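Trainee: Below is the file model-v4.txt, with compact mmCIF, C-alpha atoms.
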# COMPACT_ATOMS: atom_id res chain seq x y z
CA MET A 73 -30.37 -12.19 -3.31
CA GLY A 74 -27.75 -13.84 -1.14
CA TYR A 75 -24.16 -14.48 -2.14
CA ARG A 76 -21.89 -17.37 -3.03
CA GLU A 77 -18.60 -18.42 -1.50
CA ILE A 78 -15.40 -19.60 -3.18
CA LYS A 79 -12.85 -21.43 -1.03
CA VAL A 80 -9.21 -20.88 -1.93
CA THR A 81 -6.22 -22.67 -0.43
CA THR A 82 -3.09 -20.58 -0.76
CA HIS A 83 0.28 -22.31 -0.88
CA SER A 84 2.87 -19.67 -0.13
CA HIS A 85 3.34 -16.61 2.04
CA THR A 86 2.63 -14.12 -0.74
CA GLN A 87 0.76 -15.22 -3.81
CA MET A 88 -1.73 -13.96 -6.38
CA ILE A 89 -4.24 -16.59 -7.45
CA ASN A 90 -6.39 -16.23 -10.55
CA ILE A 91 -10.02 -16.91 -9.55
CA THR A 92 -11.66 -15.64 -12.76
CA GLY A 93 -12.89 -19.10 -13.73
CA GLN A 94 -14.74 -19.62 -10.45
CA VAL A 95 -16.32 -16.16 -10.66
CA ARG A 96 -17.44 -16.76 -14.27
CA GLU A 97 -19.02 -20.04 -13.18
CA ILE A 98 -21.07 -18.29 -10.47
CA VAL A 99 -22.20 -15.63 -12.95
CA SER A 100 -23.21 -18.31 -15.42
CA GLN A 101 -25.15 -20.29 -12.78
CA SER A 102 -26.98 -17.16 -11.63
CA GLY A 103 -28.72 -16.79 -14.97
CA ILE A 104 -28.44 -13.01 -14.58
CA ILE A 105 -28.05 -11.23 -17.93
CA SER A 106 -27.19 -7.68 -16.85
CA GLY A 107 -25.82 -6.33 -13.58
CA VAL A 108 -22.75 -5.86 -11.43
CA CYS A 109 -20.77 -8.71 -9.89
CA TYR A 110 -18.97 -7.99 -6.60
CA ILE A 111 -15.99 -10.05 -5.52
CA TYR A 112 -15.16 -9.52 -1.84
CA VAL A 113 -12.59 -10.95 0.63
CA PRO A 114 -13.70 -11.07 4.28
CA HIS A 115 -10.07 -11.03 5.50
CA THR A 116 -7.63 -8.32 6.57
CA THR A 117 -4.36 -9.74 5.22
CA ALA A 118 -5.62 -10.72 1.77
CA GLY A 119 -7.01 -8.49 -0.99
CA ILE A 120 -8.67 -8.71 -4.39
CA THR A 121 -7.34 -7.07 -7.54
CA ILE A 122 -7.60 -7.29 -11.30
CA ASN A 123 -4.51 -7.62 -13.48
CA GLU A 124 -2.93 -9.42 -16.41
CA ASN A 125 -4.08 -13.00 -16.85
CA VAL A 126 -1.51 -14.16 -19.41
CA ASP A 127 2.13 -13.73 -18.38
CA PRO A 128 2.63 -14.98 -14.79
CA ASP A 129 5.69 -12.70 -14.56
CA VAL A 130 3.32 -9.74 -14.16
CA VAL A 131 1.95 -10.95 -10.85
CA SER A 132 5.36 -12.09 -9.63
CA ASP A 133 6.74 -8.62 -10.45
CA ILE A 134 3.80 -7.03 -8.56
CA ILE A 135 4.59 -9.20 -5.52
CA TYR A 136 8.29 -8.29 -5.77
CA VAL A 137 7.82 -4.50 -5.92
CA THR A 138 5.05 -4.48 -3.34
CA ALA A 139 7.44 -6.22 -0.92
CA LYS A 140 9.97 -3.42 -1.45
CA MET A 141 7.34 -0.69 -1.00
CA VAL A 142 6.04 -2.26 2.21
CA PRO A 143 8.92 -4.13 3.93
CA TRP A 144 7.96 -7.13 6.04
CA GLU A 145 10.21 -6.06 8.92
CA ASP A 146 10.08 -2.41 9.85
CA GLY A 147 9.84 -2.03 13.59
CA TYR A 148 6.05 -2.50 13.58
CA SER A 149 4.11 -2.50 16.87
CA HIS A 150 1.44 -5.10 15.98
CA ILE A 151 2.35 -8.19 17.94
CA GLU A 152 1.46 -10.68 15.20
CA GLY A 153 4.22 -9.15 13.07
CA ASN A 154 2.13 -9.10 9.87
CA SER A 155 1.38 -5.38 9.58
CA ALA A 156 2.88 -5.32 6.08
CA ALA A 157 0.21 -7.82 4.99
CA HIS A 158 -2.54 -5.63 6.47
CA LEU A 159 -1.35 -2.58 4.53
CA LYS A 160 -0.86 -4.48 1.26
CA ALA A 161 -4.46 -5.75 1.54
CA SER A 162 -5.73 -2.17 1.94
CA LEU A 163 -3.64 -1.05 -1.05
CA MET A 164 -5.04 -3.75 -3.33
CA GLY A 165 -8.55 -3.41 -1.95
CA PHE A 166 -11.09 -5.78 -0.43
CA SER A 167 -13.45 -5.91 -3.38
CA GLN A 168 -13.75 -5.47 -7.10
CA ALA A 169 -16.90 -4.72 -9.08
CA VAL A 170 -17.16 -6.11 -12.61
CA PHE A 171 -20.09 -5.54 -15.01
CA ILE A 172 -22.24 -8.39 -16.32
CA ASP A 173 -23.64 -8.00 -19.82
CA GLY A 174 -25.21 -10.62 -22.04
CA GLY A 175 -24.90 -13.04 -19.11
CA LYS A 176 -21.11 -12.73 -19.00
CA LEU A 177 -18.48 -10.82 -17.02
CA VAL A 178 -17.26 -7.75 -18.93
CA LEU A 179 -13.50 -8.09 -18.45
CA GLY A 180 -10.88 -6.57 -20.72
CA THR A 181 -8.94 -8.98 -22.95
CA TRP A 182 -5.98 -9.19 -20.57
CA GLN A 183 -7.90 -8.86 -17.29
CA GLY A 184 -8.19 -11.59 -14.70
CA ILE A 185 -9.48 -11.42 -11.11
CA PHE A 186 -6.88 -12.33 -8.47
CA LEU A 187 -7.03 -13.18 -4.79
CA CYS A 188 -3.92 -11.59 -3.24
CA GLU A 189 -2.55 -13.64 -0.34
CA PHE A 190 -0.18 -11.57 1.79
CA ASP A 191 0.13 -13.76 4.89
CA GLY A 192 -0.25 -17.38 3.84
CA PRO A 193 -0.39 -20.17 3.37
CA ARG A 194 -4.01 -20.28 4.59
CA GLN A 195 -7.56 -21.23 3.77
CA ARG A 196 -9.26 -18.14 2.34
CA LYS A 197 -12.81 -17.30 1.36
CA VAL A 198 -14.00 -15.06 -1.46
CA LEU A 199 -17.62 -13.90 -1.47
CA VAL A 200 -19.42 -13.22 -4.75
CA LYS A 201 -22.69 -11.32 -5.05
CA ILE A 202 -24.58 -10.09 -8.09
CA ILE A 203 -26.88 -7.10 -8.28
CA GLU A 204 -29.17 -7.17 -11.31
CA GLY A 205 -29.69 -4.00 -13.30
CA MET B 19 -33.31 5.54 -2.58
CA GLY B 20 -31.24 8.42 -1.28
CA TYR B 21 -28.29 8.16 1.05
CA ARG B 22 -27.33 8.88 4.64
CA GLU B 23 -24.53 10.98 6.03
CA ILE B 24 -22.19 10.31 8.95
CA LYS B 25 -20.29 13.26 10.40
CA VAL B 26 -16.82 12.51 11.74
CA THR B 27 -14.57 14.91 13.62
CA THR B 28 -10.94 13.90 13.27
CA HIS B 29 -8.48 14.86 15.99
CA SER B 30 -5.02 14.52 14.50
CA HIS B 31 -3.24 15.04 11.22
CA THR B 32 -3.27 11.39 10.21
CA GLN B 33 -5.74 9.03 11.80
CA MET B 34 -7.86 5.98 11.03
CA ILE B 35 -11.26 6.05 12.70
CA ASN B 36 -13.46 2.97 13.02
CA ILE B 37 -16.94 3.87 11.75
CA THR B 38 -18.34 0.34 11.57
CA GLY B 39 -20.87 0.98 14.34
CA GLN B 40 -22.40 3.98 12.56
CA VAL B 41 -22.61 2.06 9.26
CA ARG B 42 -24.26 -0.93 11.00
CA GLU B 43 -26.80 1.42 12.53
CA ILE B 44 -27.75 2.83 9.10
CA VAL B 45 -28.09 -0.68 7.67
CA SER B 46 -30.28 -1.69 10.59
CA GLN B 47 -32.51 1.40 10.25
CA SER B 48 -32.92 0.82 6.51
CA GLY B 49 -34.74 -2.46 7.10
CA ILE B 50 -33.05 -3.84 3.97
CA ILE B 51 -32.40 -7.58 4.23
CA SER B 52 -30.19 -8.22 1.20
CA GLY B 53 -28.06 -5.86 -0.88
CA VAL B 54 -24.82 -3.94 -1.09
CA CYS B 55 -23.87 -1.09 1.23
CA TYR B 56 -21.58 1.61 -0.18
CA ILE B 57 -19.47 3.77 2.12
CA TYR B 58 -18.11 6.83 0.31
CA VAL B 59 -16.00 9.87 1.30
CA PRO B 60 -16.68 13.07 -0.69
CA HIS B 61 -13.18 14.41 0.08
CA THR B 62 -9.80 14.30 -1.68
CA THR B 63 -7.45 14.02 1.32
CA ALA B 64 -9.36 11.34 3.23
CA GLY B 65 -10.13 7.76 2.18
CA ILE B 66 -12.10 4.72 3.27
CA THR B 67 -10.62 1.29 3.88
CA ILE B 68 -11.34 -1.93 5.69
CA ASN B 69 -8.86 -3.45 8.13
CA GLU B 70 -8.38 -5.09 11.51
CA ASN B 71 -10.82 -3.89 14.16
CA VAL B 72 -9.15 -5.42 17.23
CA ASP B 73 -5.52 -4.42 17.80
CA PRO B 74 -5.13 -0.63 17.35
CA ASP B 75 -1.44 -1.25 16.56
CA VAL B 76 -2.48 -2.44 13.10
CA VAL B 77 -3.84 0.92 12.04
CA SER B 78 -0.98 2.78 13.70
CA ASP B 79 1.48 0.58 11.77
CA ILE B 80 -0.42 1.28 8.53
CA ILE B 81 -0.18 5.02 9.19
CA TYR B 82 3.55 4.67 9.96
CA VAL B 83 4.50 2.75 6.79
CA THR B 84 2.24 4.80 4.56
CA ALA B 85 4.07 7.93 5.76
CA LYS B 86 7.36 6.36 4.70
CA MET B 87 6.00 5.29 1.30
CA VAL B 88 4.57 8.75 0.61
CA PRO B 89 6.73 11.34 2.40
CA TRP B 90 4.96 14.53 3.49
CA GLU B 91 7.76 16.76 2.15
CA ASP B 92 9.10 15.88 -1.27
CA GLY B 93 9.42 19.00 -3.38
CA TYR B 94 5.74 18.89 -4.41
CA SER B 95 4.32 21.63 -6.65
CA HIS B 96 0.79 21.84 -5.17
CA ILE B 97 0.73 25.07 -3.22
CA GLU B 98 -1.32 23.75 -0.30
CA GLY B 99 1.55 21.35 0.48
CA ASN B 100 -0.72 18.36 1.12
CA SER B 101 -0.08 16.31 -2.02
CA ALA B 102 0.95 13.33 0.10
CA ALA B 103 -2.55 13.30 1.61
CA HIS B 104 -4.12 13.38 -1.87
CA LEU B 105 -2.10 10.35 -3.00
CA LYS B 106 -2.72 8.38 0.21
CA ALA B 107 -6.47 8.92 -0.23
CA SER B 108 -6.28 7.51 -3.78
CA LEU B 109 -4.26 4.52 -2.53
CA MET B 110 -6.81 3.64 0.16
CA GLY B 111 -9.77 4.43 -2.07
CA PHE B 112 -12.82 6.66 -1.80
CA SER B 113 -15.37 3.94 -1.24
CA GLN B 114 -15.90 0.42 0.00
CA ALA B 115 -18.74 -1.92 -0.89
CA VAL B 116 -19.89 -4.41 1.76
CA PHE B 117 -22.64 -7.01 1.29
CA ILE B 118 -25.82 -7.03 3.37
CA ASP B 119 -27.35 -10.40 4.15
CA GLY B 120 -30.03 -11.28 6.69
CA GLY B 121 -30.30 -7.53 7.40
CA LYS B 122 -26.67 -7.28 8.53
CA LEU B 123 -23.32 -6.21 7.08
CA VAL B 124 -21.29 -9.23 5.95
CA LEU B 125 -17.89 -8.34 7.42
CA GLY B 126 -15.16 -10.85 8.21
CA THR B 127 -14.50 -11.53 11.91
CA TRP B 128 -11.60 -9.09 12.10
CA GLN B 129 -12.86 -6.53 9.60
CA GLY B 130 -13.87 -2.99 10.51
CA ILE B 131 -14.59 -0.01 8.24
CA PHE B 132 -12.24 2.96 8.73
CA LEU B 133 -12.29 6.59 7.68
CA CYS B 134 -8.65 7.46 6.86
CA GLU B 135 -7.84 11.08 7.69
CA PHE B 136 -4.65 12.19 5.95
CA ASP B 137 -4.82 15.97 6.41
CA GLY B 138 -6.62 16.69 9.65
CA PRO B 139 -7.85 17.55 12.06
CA ARG B 140 -11.07 18.40 10.23
CA GLN B 141 -14.78 17.84 10.02
CA ARG B 142 -15.38 15.01 7.55
CA LYS B 143 -18.45 13.46 6.00
CA VAL B 144 -19.04 9.84 5.03
CA LEU B 145 -21.96 9.00 2.74
CA VAL B 146 -23.73 5.64 3.02
CA LYS B 147 -26.07 4.23 0.40
CA ILE B 148 -27.70 0.83 0.09
CA ILE B 149 -28.75 -0.92 -3.10
CA GLU B 150 -31.21 -3.73 -2.51
CA GLY B 151 -30.76 -7.01 -4.36
CA MET C 126 -29.35 -2.29 -18.25
CA GLY C 127 -26.27 -2.30 -20.44
CA TYR C 128 -23.38 0.12 -20.18
CA ARG C 129 -21.84 3.02 -22.06
CA GLU C 130 -18.32 3.49 -23.33
CA ILE C 131 -16.09 6.57 -23.25
CA LYS C 132 -13.08 6.63 -25.56
CA VAL C 133 -10.02 8.44 -24.27
CA THR C 134 -6.83 9.17 -26.21
CA THR C 135 -3.90 9.62 -23.87
CA HIS C 136 -0.97 11.75 -24.95
CA SER C 137 1.92 10.88 -22.69
CA HIS C 138 3.41 7.89 -20.94
CA THR C 139 1.90 8.70 -17.54
CA GLN C 140 -1.06 11.00 -17.30
CA MET C 141 -4.22 11.57 -15.30
CA ILE C 142 -7.16 12.74 -17.41
CA ASN C 143 -10.28 14.27 -15.91
CA ILE C 144 -13.30 12.44 -17.36
CA THR C 145 -15.92 13.83 -14.97
CA GLY C 146 -17.70 15.77 -17.71
CA GLN C 147 -18.23 12.68 -19.87
CA VAL C 148 -19.48 10.66 -16.90
CA ARG C 149 -21.91 13.43 -15.90
CA GLU C 150 -23.24 13.49 -19.46
CA ILE C 151 -23.95 9.74 -19.38
CA VAL C 152 -25.72 10.09 -16.02
CA SER C 153 -27.80 12.97 -17.37
CA GLN C 154 -28.75 11.05 -20.55
CA SER C 155 -29.76 7.98 -18.52
CA GLY C 156 -32.60 9.86 -16.84
CA ILE C 157 -31.88 7.89 -13.65
CA ILE C 158 -32.65 9.89 -10.51
CA SER C 159 -31.16 7.69 -7.77
CA GLY C 160 -28.56 4.95 -7.93
CA VAL C 161 -24.87 4.12 -8.15
CA CYS C 162 -22.69 4.93 -11.17
CA TYR C 163 -19.73 2.62 -11.82
CA ILE C 164 -16.75 3.80 -13.81
CA TYR C 165 -14.55 0.90 -14.95
CA VAL C 166 -11.38 0.52 -17.05
CA PRO C 167 -11.04 -2.78 -18.97
CA HIS C 168 -7.23 -2.43 -19.07
CA THR C 169 -4.34 -3.67 -16.91
CA THR C 170 -1.97 -0.69 -17.17
CA ALA C 171 -4.50 2.08 -16.60
CA GLY C 172 -6.65 2.75 -13.52
CA ILE C 173 -9.48 4.98 -12.34
CA THR C 174 -9.29 7.23 -9.32
CA ILE C 175 -10.96 10.26 -7.82
CA ASN C 176 -8.97 13.31 -6.77
CA GLU C 177 -8.76 17.09 -6.82
CA ASN C 178 -10.26 18.67 -9.91
CA VAL C 179 -8.95 22.22 -9.47
CA ASP C 180 -5.16 22.55 -9.17
CA PRO C 181 -3.46 20.42 -11.86
CA ASP C 182 -0.37 20.31 -9.61
CA VAL C 183 -2.16 17.74 -7.45
CA VAL C 184 -2.28 15.13 -10.19
CA SER C 185 1.24 15.94 -11.37
CA ASP C 186 2.48 15.48 -7.79
CA ILE C 187 0.60 12.16 -7.58
CA ILE C 188 2.29 11.00 -10.81
CA TYR C 189 5.68 12.14 -9.48
CA VAL C 190 5.51 10.32 -6.11
CA THR C 191 3.94 7.22 -7.59
CA ALA C 192 6.90 6.97 -9.97
CA LYS C 193 9.26 7.03 -6.98
CA MET C 194 7.23 4.42 -5.06
CA VAL C 195 7.11 2.09 -8.06
CA PRO C 196 10.27 2.64 -10.17
CA TRP C 197 9.92 1.96 -13.91
CA GLU C 198 13.17 -0.02 -14.03
CA ASP C 199 13.71 -2.53 -11.25
CA GLY C 200 14.92 -5.82 -12.65
CA TYR C 201 11.38 -6.97 -13.49
CA SER C 202 10.83 -10.32 -15.19
CA HIS C 203 7.82 -9.38 -17.38
CA ILE C 204 9.17 -9.18 -20.90
CA GLU C 205 7.11 -6.15 -21.95
CA GLY C 206 8.96 -4.13 -19.29
CA ASN C 207 5.83 -2.36 -18.04
CA SER C 208 5.33 -4.12 -14.70
CA ALA C 209 5.40 -0.78 -12.88
CA ALA C 210 2.33 0.29 -14.88
CA HIS C 211 0.53 -2.95 -13.93
CA LEU C 212 1.14 -2.36 -10.21
CA LYS C 213 0.20 1.32 -10.34
CA ALA C 214 -3.11 0.39 -11.99
CA SER C 215 -3.85 -2.07 -9.16
CA LEU C 216 -2.95 0.58 -6.56
CA MET C 217 -5.34 3.16 -8.05
CA GLY C 218 -8.01 0.59 -8.78
CA PHE C 219 -9.98 -0.46 -11.84
CA SER C 220 -13.27 1.08 -10.86
CA GLN C 221 -14.92 3.78 -8.81
CA ALA C 222 -18.52 3.86 -7.59
CA VAL C 223 -20.20 7.25 -7.23
CA PHE C 224 -23.74 7.84 -5.96
CA ILE C 225 -26.45 9.42 -8.10
CA ASP C 226 -29.03 11.54 -6.31
CA GLY C 227 -31.53 13.98 -7.78
CA GLY C 228 -30.34 12.86 -11.23
CA LYS C 229 -26.77 14.02 -10.57
CA LEU C 230 -23.43 12.51 -9.51
CA VAL C 231 -22.79 13.06 -5.79
CA LEU C 232 -19.17 14.22 -5.91
CA GLY C 233 -17.48 16.31 -3.22
CA THR C 234 -16.74 19.93 -4.11
CA TRP C 235 -13.13 19.21 -5.07
CA GLN C 236 -13.63 15.70 -6.48
CA GLY C 237 -13.14 14.79 -10.11
CA ILE C 238 -12.95 11.35 -11.75
CA PHE C 239 -9.64 10.59 -13.48
CA LEU C 240 -8.46 7.98 -15.93
CA CYS C 241 -4.87 7.14 -14.89
CA GLU C 242 -2.69 6.26 -17.87
CA PHE C 243 0.47 4.45 -16.76
CA ASP C 244 1.75 3.08 -20.08
CA GLY C 245 0.70 5.48 -22.82
CA PRO C 246 0.16 7.10 -25.10
CA ARG C 247 -2.70 4.83 -26.15
CA GLN C 248 -6.37 4.62 -27.01
CA ARG C 249 -8.24 3.71 -23.82
CA LYS C 250 -11.82 2.82 -23.02
CA VAL C 251 -13.78 3.59 -19.88
CA LEU C 252 -17.05 1.73 -19.26
CA VAL C 253 -19.88 3.39 -17.34
CA LYS C 254 -22.86 1.54 -15.89
CA ILE C 255 -25.65 2.73 -13.63
CA ILE C 256 -27.62 0.63 -11.15
CA GLU C 257 -30.87 2.27 -10.07
CA GLY C 258 -31.83 2.20 -6.44
Please express the file's structure as structure tokens.
Mentor:
Amino acid sequence: MGYREIKVTTHSHTQMINITGQVREIVSQSGIISGVCYIYVPHTTAGITINENVDPDVVSDIIYVTAKMVPWEDGYSHIEGNSAAHLKASLMGFSQAVFIDGGKLVLGTWQGIFLCEFDGPRQRKVLVKIIEG
Amino acid sequence: MGYREIKVTTHSHTQMINITGQVREIVSQSGIISGVCYIYVPHTTAGITINENVDPDVVSDIIYVTAKMVPWEDGYSHIEGNSAAHLKASLMGFSQAVFIDGGKLVLGTWQGIFLCEFDGPRQRKVLVKIIEG
Amino acid sequence: MGYREIKVTTHSHTQMINITGQVREIVSQSGIISGVCYIYVPHTTAGITINENVDPDVVSDIIYVTAKMVPWEDGYSHIEGNSAAHLKASLMGFSQAVFIDGGKLVLGTWQGIFLCEFDGPRQRKVLVKIIEG
């Protein structure tokens, strides 16, 4: 029932921030032993993905190639000029679903959960909800 | 239990259609107060994403850049010639999961839910299911 | 409650493997009539997507264009040299959610569920969990 909110302050224009610790904490506090944990961003220029949690070069490489795939300047019509951020958010996705088993998130050894900021710096929110089952 | 179906007629080859109103209506009719609402396309050349619901230039920019990222003609092998549409659908995704709280969809201020047509015009279906919790 | 595991041996560097049959089998064995089935990869260089299950040219075209969008060599910093695989996994996604109705997966006529190997060959795992509802 209900959901929890994580507040994240981003510090640069494009940035991937590991929020796995905060999500684990919410799962732990819920006391739920088995279910699915949803991590959702209620924004349109930020996304949520899963990726490697060890070498920070992985996320910086992801940011680098994504910027080449979706150039910031490209004769867009949208007056705010941040259409690239909108598309990158759709490509990464607005939510991830991770299993809970034995009271813990079932992540692979190298997996972390990342908020993807594509038009920062800003104050962002991440919503976390658990369905038991 | 069960799921509902939304029928959508698309009118051009590539188009993003805001279906938030129809999804809200299904949530409202369900009477469910708290849960997760899944929006799913049972197609392989159409996807579902979330993005800005105000300025229509955002979705037209997304369509424009996506067409550059995944060119329609590129020496593909698939005989129907619509491989670009298949990849774009995978990039956007086949489903979105949105929380329900207080009997309403928990969308961010600027978020709308869009059917992404990549090989229209066609008749499309969107399936909506709610899990209570 | 709990989840099931599918083991998949991939045979090339980049490959999309249809795992629909194994997922259907798990759904059938669960005895669950109505719900949502989650298919999740606990890896960071492999993803899960849905796409056409008939003409194998579709997935080979997807692999071909994705390789052009995200080149394998591009001056990446990550020392393992597989940053392209990490991004491709994020683009496809780490999970899919498919409805269960009447005891069966609700897939479109042409839809199959694919493990996307982007840095093989390897032994991979796919986790499958069902929430009733």
Trainee: Please determine the contact residues of chain C with respect to chain A at a cut-off of 9 Å, counting only C-alpha atoms, and supply them as an MDAnalysis selection string.
Mentor: chainID C and resid 126:128 163 165:170 194:196 199:204 207:209 211:212 214:222 252 254:257
Trainee: Relative to chain A, what is the Cα RMSD of chain B after a least-squares superposition using every Cα atom paired in order?
Mentor: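 The RMSD between chain B and chain A over C-alpha atoms is 0.0 Å.
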Trainee: Select, counting all atoms listed in the file, all protein, DNA and RNA residues no farther than 9 Å from (-28.5, -4.4, 13.5) in file coordinates, and express the selection as an MDAnalysis selection string.
Mentor: chainID B and resid 42:47 121:123
Trainee: Padding 5 Å on each side, edges along x, y and z: where is the centre of the box around the listed atoms of region 108-122 of chain B, and how long are its edges in Å to one decimal? Output it as lines of an AutoDock Vina configuration file.
Mentor:
center_x = -17.3
center_y = -1.9
center_z = 2.4
size_x = 36.0
size_y = 28.8
size_z = 22.3
Trainee: Could you work out how far CA of Lys143 (chain B) lies from CA of Ser48 (chain B), giving the answer in Å with one decimal?
Mentor: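 One can read the CA of Ser48 (chain B) to CA of Lys143 (chain B) distance as 19.2 Å.
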Trainee: Could you tell me how far CA of Cys241 (chain C) lies from CA of Ala118 (chain A), in Å and to one decimal?
Mentor: 24.4 Å
Trainee: Please measure the separation of CA of Thr139 (chain C) and CA of Asp137 (chain B), giving the value in Å to one decimal.
Mentor: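 CA of Asp137 (chain B) lies at a distance of 25.9 Å from CA of Thr139 (chain C).
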Trainee: If I only have part of region 79-102 of chain B, can you fill in N, CA and C atoms and write it as a PDB file, in the coordinates of the input?
Mentor:
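Result went into part-v4.pdb, see below:
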ATOM      1  N   ASP B  79       0.414   1.036  12.671  1.00  0.00           N
ATOM      2  CA  ASP B  79       1.480   0.580  11.770  1.00  0.00           C
ATOM      3  C   ASP B  79       1.197   0.984  10.317  1.00  0.00           C
ATOM      4  N   ILE B  80      -0.054   0.882   9.906  1.00  0.00           N
ATOM      5  CA  ILE B  80      -0.420   1.280   8.530  1.00  0.00           C
ATOM      6  C   ILE B  80      -0.115   2.758   8.317  1.00  0.00           C
ATOM      7  N   ILE B  81      -0.460   3.587   9.292  1.00  0.00           N
ATOM      8  CA  ILE B  81      -0.180   5.020   9.190  1.00  0.00           C
ATOM      9  C   ILE B  81       1.332   5.272   9.103  1.00  0.00           C
ATOM     10  N   TYR B  82       2.091   4.524   9.911  1.00  0.00           N
ATOM     11  CA  TYR B  82       3.550   4.670   9.960  1.00  0.00           C
ATOM     12  C   TYR B  82       4.204   4.307   8.633  1.00  0.00           C
ATOM     13  N   VAL B  83       3.854   3.155   8.059  1.00  0.00           N
ATOM     14  CA  VAL B  83       4.500   2.750   6.790  1.00  0.00           C
ATOM     15  C   VAL B  83       4.026   3.604   5.629  1.00  0.00           C
ATOM     16  N   THR B  84       2.757   3.972   5.649  1.00  0.00           N
ATOM     17  CA  THR B  84       2.240   4.800   4.560  1.00  0.00           C
ATOM     18  C   THR B  84       2.987   6.136   4.520  1.00  0.00           C
ATOM     19  N   ALA B  85       3.320   6.666   5.700  1.00  0.00           N
ATOM     20  CA  ALA B  85       4.070   7.930   5.760  1.00  0.00           C
ATOM     21  C   ALA B  85       5.477   7.784   5.187  1.00  0.00           C
ATOM     22  N   LYS B  86       6.049   6.583   5.302  1.00  0.00           N
ATOM     23  CA  LYS B  86       7.360   6.360   4.700  1.00  0.00           C
ATOM     24  C   LYS B  86       7.252   6.183   3.177  1.00  0.00           C
ATOM     25  N   MET B  87       6.211   5.502   2.735  1.00  0.00           N
ATOM     26  CA  MET B  87       6.000   5.290   1.300  1.00  0.00           C
ATOM     27  C   MET B  87       5.747   6.607   0.573  1.00  0.00           C
ATOM     28  N   VAL B  88       4.976   7.475   1.226  1.00  0.00           N
ATOM     29  CA  VAL B  88       4.570   8.750   0.610  1.00  0.00           C
ATOM     30  C   VAL B  88       4.984   9.867   1.557  1.00  0.00           C
ATOM     31  N   PRO B  89       6.236  10.333   1.440  1.00  0.00           N
ATOM     32  CA  PRO B  89       6.730  11.340   2.400  1.00  0.00           C
ATOM     33  C   PRO B  89       5.923  12.634   2.318  1.00  0.00           C
ATOM     34  N   TRP B  90       5.730  13.288   3.462  1.00  0.00           N
ATOM     35  CA  TRP B  90       4.960  14.530   3.490  1.00  0.00           C
ATOM     36  C   TRP B  90       5.653  15.660   2.721  1.00  0.00           C
ATOM     37  N   GLU B  91       6.985  15.721   2.854  1.00  0.00           N
ATOM     38  CA  GLU B  91       7.760  16.760   2.150  1.00  0.00           C
ATOM     39  C   GLU B  91       8.536  16.075   1.047  1.00  0.00           C
ATOM     40  N   ASP B  92       8.366  16.514  -0.184  1.00  0.00           N
ATOM     41  CA  ASP B  92       9.100  15.880  -1.270  1.00  0.00           C
ATOM     42  C   ASP B  92       9.166  16.780  -2.501  1.00  0.00           C
ATOM     43  N   GLY B  93       9.304  18.071  -2.260  1.00  0.00           N
ATOM     44  CA  GLY B  93       9.420  19.000  -3.380  1.00  0.00           C
ATOM     45  C   GLY B  93       8.179  19.054  -4.249  1.00  0.00           C
ATOM     46  N   TYR B  94       6.988  18.863  -3.643  1.00  0.00           N
ATOM     47  CA  TYR B  94       5.740  18.890  -4.410  1.00  0.00           C
ATOM     48  C   TYR B  94       5.466  20.283  -4.957  1.00  0.00           C
ATOM     49  N   SER B  95       4.691  20.347  -6.036  1.00  0.00           N
ATOM     50  CA  SER B  95       4.320  21.630  -6.650  1.00  0.00           C
ATOM     51  C   SER B  95       3.041  22.219  -6.059  1.00  0.00           C
ATOM     52  N   HIS B  96       2.117  21.373  -5.637  1.00  0.00           N
ATOM     53  CA  HIS B  96       0.790  21.840  -5.170  1.00  0.00           C
ATOM     54  C   HIS B  96       0.973  22.786  -3.989  1.00  0.00           C
ATOM     55  N   ILE B  97       0.428  23.980  -4.127  1.00  0.00           N
ATOM     56  CA  ILE B  97       0.730  25.070  -3.220  1.00  0.00           C
ATOM     57  C   ILE B  97       0.232  24.837  -1.791  1.00  0.00           C
ATOM     58  N   GLU B  98      -0.824  24.021  -1.650  1.00  0.00           N
ATOM     59  CA  GLU B  98      -1.320  23.750  -0.300  1.00  0.00           C
ATOM     60  C   GLU B  98      -0.391  22.829   0.498  1.00  0.00           C
ATOM     61  N   GLY B  99       0.546  22.158  -0.210  1.00  0.00           N
ATOM     62  CA  GLY B  99       1.550  21.350   0.480  1.00  0.00           C
ATOM     63  C   GLY B  99       1.056  20.011   0.990  1.00  0.00           C
ATOM     64  N   ASN B 100      -0.177  19.618   0.593  1.00  0.00           N
ATOM     65  CA  ASN B 100      -0.720  18.360   1.120  1.00  0.00           C
ATOM     66  C   ASN B 100      -0.881  17.279   0.044  1.00  0.00           C
ATOM     67  N   SER B 101       0.014  17.308  -0.938  1.00  0.00           N
ATOM     68  CA  SER B 101      -0.080  16.310  -2.020  1.00  0.00           C
ATOM     69  C   SER B 101       0.029  14.885  -1.508  1.00  0.00           C
ATOM     70  N   ALA B 102       0.829  14.675  -0.462  1.00  0.00           N
ATOM     71  CA  ALA B 102       0.950  13.330   0.100  1.00  0.00           C
ATOM     72  C   ALA B 102      -0.424  12.821   0.542  1.00  0.00           C
TER      73      ALA B 102
END
